[in-house]
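Report on one structure; see the data block that follows.
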Amino acid sequence: MAVAHGLDVTRLSKHIEEIDRIGESVTGLYLLKSAEVDILKDGSLDLPDAILRKLDLTVCAVHSHFHLSRNKQTERIIRAMDNPYFTIFAHPTGRLLGERQSYELDLERIIKAALERRCFLELNAQPLRLDLSDVHCRLAKEMGLKLAISSDAHSATELDYMRFGVAQARRGWLEAENVLNTKSWKDLKNLLRRA
Ligand SMILES: [Zn+2]
């Protein structure tokens, strides 16, 4: 989003080039290229496929139009997942603890749609979010969907938020095998639909 000084195609292209350049100079590490991509009101993504295909994975999220009906919101998100470059659905219910309730959505339908399309859901470790909830984490596990735990860090110190996400995952009875972060790059690559 412009308000968050979001990346446009030109700036994201520069990031991609830079990550590739740095990636070539380090050994024993593979630097993943990714971006948080906005899901627009009609379910399209806010960056063109031509640039999204250059990323290893995407983290896609709703940041506007929170007041759609349950059905419309659910369909908007599933339509976004239809995009072949959609990987992880970030902070899936949009709640901000003490500030904002979740928007209306059918999470069971979203999980089913994610399974069918080889997409994943995020467990966002930001202490105001912790979204998915423990109950939703357990539902995802029972339905066979793996989750990605993300710090949502906006600075290096916020990488510490990761431990709140791990604690939330444990509350939801998740084990290592249910969490994408525990995979090697080789295994993760096989789980991604674009592999
Ligand atoms: Zn976000």
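Residue numbering restarts at 1 in every chain; chains get A, B, ... in the order shown in the structure tokens, and ligands count up from 1 in that same order.
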Notebook entry, point to check: Among chain A, which ones does DSSP place in strand (DSSP E or B), written as number ranges by chain?
Noted result: A: 34-39, 45, 57-61, 88-89, 96, 100, 120-124, 131, 147-150, 179
Chain A residues near ligand 1 within 9 Å, closest pair each, using only C-alpha atoms and all ligand atoms, as a tab-separated table:
```
residue	atom	partner	partner_atom_place_in_ligand_line	distance
A:Glu36	CA	ligand 1	1 (Zn)	6.9
A:Val37	CA	ligand 1	1 (Zn)	8.3
A:Asp38	CA	ligand 1	1 (Zn)	7.9
A:Val59	CA	ligand 1	1 (Zn)	8.6
A:Cys60	CA	ligand 1	1 (Zn)	7.8
A:Ala61	CA	ligand 1	1 (Zn)	5.7
A:Val62	CA	ligand 1	1 (Zn)	7.1
A:His63	CA	ligand 1	1 (Zn)	6.4
A:Ala90	CA	ligand 1	1 (Zn)	6.6
A:His91	CA	ligand 1	1 (Zn)	6.7
A:Gly94	CA	ligand 1	1 (Zn)	8.5
A:Asp152	CA	ligand 1	1 (Zn)	7.7
```
Checklist line | Who sits within 12 Å of A:Tyr30, only C-alpha atoms, same chain under 3 positions skipped, as a list in words | finding: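 Skipping anything fewer than 3 positions along the chain leaves Ile19, Asp20, Arg21, Ile22, Gly23, Glu24, Ser25, Val26, Thr27, Lys33, Asp56, Ser184, Trp185, Lys186 and Lys189 of chain A.
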Produce a file of the selected residues containing C-alpha atoms, as an mmCIF file, in the first residue's frame.
```cif
data_model
loop_
_atom_site.group_PDB
_atom_site.id
_atom_site.type_symbol
_atom_site.label_atom_id
_atom_site.label_comp_id
_atom_site.auth_asym_id
_atom_site.auth_seq_id
_atom_site.Cartn_x
_atom_site.Cartn_y
_atom_site.Cartn_z
ATOM 1 C CA ILE A 19 18.894 -10.333 -3.298
ATOM 2 C CA ASP A 20 20.158 -12.395 -6.251
ATOM 3 C CA ARG A 21 23.435 -10.459 -6.191
ATOM 4 C CA ILE A 22 23.932 -11.022 -2.446
ATOM 5 C CA GLY A 23 22.790 -14.636 -2.769
ATOM 6 C CA GLU A 24 25.603 -15.351 -5.207
ATOM 7 C CA SER A 25 28.215 -14.068 -2.787
ATOM 8 C CA VAL A 26 27.206 -16.208 0.222
ATOM 9 C CA THR A 27 27.732 -19.939 0.521
ATOM 10 C CA LYS A 33 12.795 -13.677 -2.385
ATOM 11 C CA ASP A 56 10.189 -17.758 -4.391
ATOM 12 C CA SER A 184 14.649 -27.539 4.739
ATOM 13 C CA TRP A 185 14.616 -25.439 1.569
ATOM 14 C CA LYS A 186 14.614 -28.654 -0.466
ATOM 15 C CA LYS A 189 10.365 -26.169 -2.388
#
```
Note to self: What parts of stretch 1-194 of chain A does DSSP call helix (DSSP H, G or I)? I'd like the answer as a PyMOL selection string.
What the structure shows: chain A and resi 2-4+9-25+49-52+70-81+107-117+134-143+156-171+176-178+180-182+185-191
Checklist line | Selection: 12 Å around A:Ile51, only C-alpha atoms, excl. self and same-chain fewer than 5 positions, as an MDAnalysis selection string | finding: chainID A and resid 7:17 33:35 37 45:46 56:58 85
Checklist line | Separation of atom CA of A:Phe164 from atom CA of A:Leu52 in Å | finding: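 Between atom CA of A:Leu52 and atom CA of A:Phe164 the gap is 29.6 Å.
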Check: Which value, in Å to one decimal, gives the distance between atom CA of A:Ala156 and atom CA of A:Pro48?
Finding: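 Going from atom CA of A:Ala156 over to atom CA of A:Pro48, I get 28.8 Å.
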Note to self: Which residues are near A:Lys72? Cut-off 10 Å, only C-alpha atoms, ignore same chain within fewer than 5 positions. Put them as a VMD selection string.
What the structure shows: chain A and resid 41 to 43 67 77 to 78 104 to 106
